[in-house]
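Take a look at the structure set out below.
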Amino acid sequence: MKMDSLVVDDLSEFVKQAEQNTDILGSYMGVRSWLLIAAGVLTGVLILAVVFLFYIYRKQKKRKEEQIMSASLASIEVPVETVQIGKLHEQGERSGQQDCFGVSDESLLKTHGLLAVVADGMGGLSDGDKISTAAVESVLDNFLLYQGKCTIEQQLLMLAQNAVESVNGLLGQNSFGKSGSTLVMGILRDSVFSFLSIGDSRIYLYRHGILMQLNREHVYRNKLALDAVNKEIALSDVYSDSRGSGLTSFLGMGTLQLIDFPAEPIRLISGDVLLLMSDGVYNALDKEELAACLKGEPEDTAEQLRNAIQEKGYVNQDNYTAVIIACK
């Protein structure tokens, strides 16, 4: 009986201890559950905070991007309200001046547009000065004739037709090819610009610090390049042939072989600069040197071009002419 009593007592003690342990475990589990719940709530709050902050960041970034885009579009779409003109016309080291140029009345910009033209009489032929002058006078005289009757492209084509007829009439059929001139001209109207060129005079657009040539010269090197592609001559001949710079189309040859004009007009913006020039300019100065002169006002640009060419000191410096049109 005594042994049985001890067993019962031990069993009772064990049960009490077990109950105490259960209470402790229950308390622990309760605390742990609350901790887990609190941790979950805190994690959820943190996630929501991160999501909210990311949303705010994206919204602010989008607003900033829209502001930047709006500012960019605003600058791109600023129309040309007025222009300023710079002019360069020098004889160089030649015995005579065979370049000629002209610009229409700037006050007619809003009603009729602006016309600029440069012609370079061919020095290797006779009477180049008379041919270039005849071409420029024909273009200027007929500029207002076609106003309101056609597109800019059509107007340029008709002005070129007038120039060809004028030069051919001056020379006569028996003198075709004995004298000649290049021609590059452009019309700016309602912030839209188009051009037409014959020969190797050039036209450039300077925008946002980048100088881009708009037209392609009509020189024999283009024919050599085609022959090289067709494997009719060596590729090295394209650059070594002395005939490469010879003109393949020019006023005075009779029937023109080539003209160059853009597929569609170019929309100009405030800050653009157009540069029409004879080869006496671009043969003396490379693109980097030309661009360096185009950062100021047009009259300053003309003076900088003059100084840069004169500093070269070329003993055979050709006549050099340029018209600078700054869009404002």
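Residues in the structure tokens are numbered from 1 in each chain, the chains being A, B, ... in the order shown, and ligands are numbered from 1 in the order shown.
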**Message:** What parts of stretch 48-286 of chain A does DSSP call strand (DSSP E)? I'd like the answer as number ranges by chain.
**Reply:** A: 83-90, 99-103, 114-120, 183-189, 192-198, 202-207, 210-213, 266-267, 273-277
**Asked** Of the residues A:Thr301, A:Ser132, A:Gln154, A:Thr255, which is the one nearest to A:Asp120, using only C-alpha atoms?
**Response** A:Ser132
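For the set A:Ile324, A:Ile37, A:Leu159, A:Leu211, the residue with the smallest atom-to-atom gap to A:Met185 is A:Leu159, counting only C-alpha atoms.
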**Message:** Among stretch 152-212 of chain A, which ones does DSSP assign to alpha helix (DSSP H) (computed from the backbone)? Answer as a list in words.
**Reply:** Ile152, Glu153, Gln154, Gln155, Leu156, Leu157, Met158, Leu159, Ala160, Gln161, Asn162, Ala163, Val164, Glu165, Ser166, Val167, Asn168, Gly169, Leu170 and Leu171 of chain A
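Of the listed residues A:Thr182, A:Asp237, A:Tyr206, A:Leu188, the one whose atoms come nearest to A:Asp129 is A:Thr182, with distances taken using only C-alpha atoms.
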**Prompt:** Which neighbours of A:Tyr320 fall inside 9 Å, counting only C-alpha atoms, when residues of the same chain fewer than 2 positions from it are skipped, and could you give them as a VMD selection string?
**Reply:** chain A and resid 88 to 92 97 99 120 277 to 282 306 309 317 to 318 322
Write out, as a compact mmCIF listing (two decimals), in the first residue's frame, the residues just selected, with all heavy atoms.
```txt
# COMPACT_ATOMS: atom_id res chain seq x y z
N LEU A 88 28.86 86.97 -97.77
CA LEU A 88 30.30 86.92 -98.00
C LEU A 88 30.54 86.82 -99.50
O LEU A 88 29.98 85.94 -100.17
CB LEU A 88 30.90 85.69 -97.29
CG LEU A 88 32.39 85.42 -97.55
CD1 LEU A 88 33.25 86.51 -96.95
CD2 LEU A 88 32.78 84.05 -96.96
N HIS A 89 31.37 87.72 -100.04
CA HIS A 89 31.60 87.75 -101.49
C HIS A 89 32.99 88.32 -101.75
O HIS A 89 33.19 89.53 -101.70
CB HIS A 89 30.52 88.60 -102.16
CG HIS A 89 30.51 88.54 -103.66
ND1 HIS A 89 30.43 87.36 -104.36
CD2 HIS A 89 30.55 89.53 -104.59
CE1 HIS A 89 30.41 87.62 -105.66
NE2 HIS A 89 30.49 88.94 -105.83
N GLU A 90 33.95 87.43 -101.98
CA GLU A 90 35.34 87.86 -102.15
C GLU A 90 35.95 87.25 -103.41
O GLU A 90 35.58 86.16 -103.83
CB GLU A 90 36.16 87.45 -100.92
CG GLU A 90 35.72 88.10 -99.61
CD GLU A 90 36.04 89.59 -99.56
OE1 GLU A 90 36.91 90.04 -100.34
OE2 GLU A 90 35.42 90.30 -98.74
N GLN A 91 36.91 87.97 -103.95
CA GLN A 91 37.55 87.55 -105.21
C GLN A 91 38.64 86.51 -105.00
O GLN A 91 38.95 85.73 -105.90
CB GLN A 91 38.15 88.78 -105.90
CG GLN A 91 38.71 88.50 -107.29
CD GLN A 91 39.05 89.79 -108.02
OE1 GLN A 91 38.27 90.75 -107.99
NE2 GLN A 91 40.22 89.83 -108.66
N GLY A 92 39.19 86.45 -103.79
CA GLY A 92 40.29 85.53 -103.55
C GLY A 92 41.53 85.95 -104.32
O GLY A 92 41.81 87.14 -104.47
N GLN A 97 36.11 88.25 -110.64
CA GLN A 97 35.08 87.67 -109.80
C GLN A 97 34.03 87.02 -110.68
O GLN A 97 33.32 87.69 -111.44
CB GLN A 97 34.44 88.74 -108.91
CG GLN A 97 33.27 88.31 -108.07
CD GLN A 97 33.61 87.23 -107.07
OE1 GLN A 97 33.59 86.04 -107.42
NE2 GLN A 97 33.91 87.65 -105.84
N ASP A 99 31.84 84.60 -109.27
CA ASP A 99 30.70 84.23 -108.42
C ASP A 99 29.65 85.33 -108.48
O ASP A 99 29.98 86.51 -108.68
CB ASP A 99 31.13 84.07 -106.96
CG ASP A 99 31.93 82.79 -106.72
OD1 ASP A 99 32.12 82.02 -107.68
OD2 ASP A 99 32.36 82.58 -105.57
N ASP A 120 28.19 80.09 -109.36
CA ASP A 120 29.65 80.12 -109.48
C ASP A 120 30.04 79.90 -110.93
O ASP A 120 29.94 78.78 -111.45
CB ASP A 120 30.24 79.02 -108.58
CG ASP A 120 31.76 78.94 -108.66
OD1 ASP A 120 32.38 79.80 -109.35
OD2 ASP A 120 32.34 78.02 -108.05
N MET A 277 26.79 78.23 -100.53
CA MET A 277 28.16 78.67 -100.80
C MET A 277 28.70 78.12 -102.11
O MET A 277 28.24 77.08 -102.62
CB MET A 277 29.07 78.23 -99.66
CG MET A 277 29.35 76.74 -99.64
SD MET A 277 30.34 76.23 -98.23
CE MET A 277 29.04 75.98 -97.05
N SER A 278 29.70 78.82 -102.62
CA SER A 278 30.45 78.33 -103.78
C SER A 278 31.59 77.44 -103.27
O SER A 278 31.89 77.41 -102.08
CB SER A 278 31.00 79.51 -104.59
OG SER A 278 31.93 80.26 -103.81
N ASP A 279 32.24 76.72 -104.21
CA ASP A 279 33.28 75.79 -103.79
C ASP A 279 34.52 76.48 -103.25
O ASP A 279 35.36 75.86 -102.59
CB ASP A 279 33.65 74.83 -104.91
CG ASP A 279 34.27 75.54 -106.13
OD1 ASP A 279 34.25 76.79 -106.18
OD2 ASP A 279 34.77 74.84 -107.03
N GLY A 280 34.64 77.78 -103.48
CA GLY A 280 35.77 78.52 -102.93
C GLY A 280 35.75 78.55 -101.41
O GLY A 280 36.79 78.71 -100.77
N VAL A 281 34.56 78.36 -100.82
CA VAL A 281 34.45 78.33 -99.36
C VAL A 281 34.77 76.95 -98.83
O VAL A 281 35.66 76.77 -97.99
CB VAL A 281 33.03 78.75 -98.91
CG1 VAL A 281 32.92 78.68 -97.39
CG2 VAL A 281 32.71 80.16 -99.38
N TYR A 282 34.06 75.93 -99.31
CA TYR A 282 34.23 74.60 -98.71
C TYR A 282 35.53 73.90 -99.13
O TYR A 282 35.96 72.95 -98.48
CB TYR A 282 33.02 73.70 -98.96
CG TYR A 282 32.78 73.27 -100.39
CD1 TYR A 282 33.55 72.27 -100.99
CD2 TYR A 282 31.75 73.82 -101.14
CE1 TYR A 282 33.30 71.86 -102.29
CE2 TYR A 282 31.49 73.41 -102.44
CZ TYR A 282 32.27 72.43 -103.01
OH TYR A 282 32.02 72.01 -104.29
N ARG A 306 35.40 84.78 -93.68
CA ARG A 306 36.40 85.56 -94.43
C ARG A 306 37.78 85.45 -93.77
O ARG A 306 38.78 85.18 -94.45
CB ARG A 306 35.96 87.01 -94.53
CG ARG A 306 36.97 87.91 -95.29
CD ARG A 306 36.54 89.36 -95.28
NE ARG A 306 35.32 89.57 -96.04
CZ ARG A 306 34.13 89.81 -95.51
NH1 ARG A 306 34.00 89.88 -94.17
NH2 ARG A 306 33.07 89.99 -96.27
N ILE A 309 39.34 81.90 -94.09
CA ILE A 309 39.85 81.60 -95.43
C ILE A 309 41.13 82.38 -95.70
O ILE A 309 42.12 81.84 -96.23
CB ILE A 309 38.78 81.93 -96.49
CG1 ILE A 309 37.61 80.96 -96.35
CG2 ILE A 309 39.37 81.85 -97.90
CD1 ILE A 309 36.41 81.30 -97.22
N GLN A 317 43.73 80.71 -104.17
CA GLN A 317 42.38 80.78 -103.58
C GLN A 317 41.35 81.24 -104.61
O GLN A 317 41.48 82.28 -105.25
CB GLN A 317 42.36 81.73 -102.38
CG GLN A 317 40.99 81.99 -101.78
CD GLN A 317 40.34 80.73 -101.23
OE1 GLN A 317 40.96 80.01 -100.46
NE2 GLN A 317 39.10 80.48 -101.62
N ASP A 318 40.33 80.43 -104.77
CA ASP A 318 39.25 80.70 -105.71
C ASP A 318 38.36 81.82 -105.18
O ASP A 318 38.42 82.19 -103.99
CB ASP A 318 38.43 79.42 -105.90
CG ASP A 318 37.52 79.47 -107.12
OD1 ASP A 318 37.52 80.48 -107.84
OD2 ASP A 318 36.79 78.48 -107.33
N ALA A 322 29.23 83.24 -99.99
CA ALA A 322 28.31 82.53 -99.12
C ALA A 322 27.16 83.44 -98.70
O ALA A 322 27.34 84.64 -98.52
CB ALA A 322 29.04 82.01 -97.87
```
**Asked** Got a sec: who's within 9 Å of A:Ser126, counting only C-alpha atoms, leaving out chain neighbours fewer than 6 positions off, as a PyMOL selection string?
**Response** chain A and resi 178-180
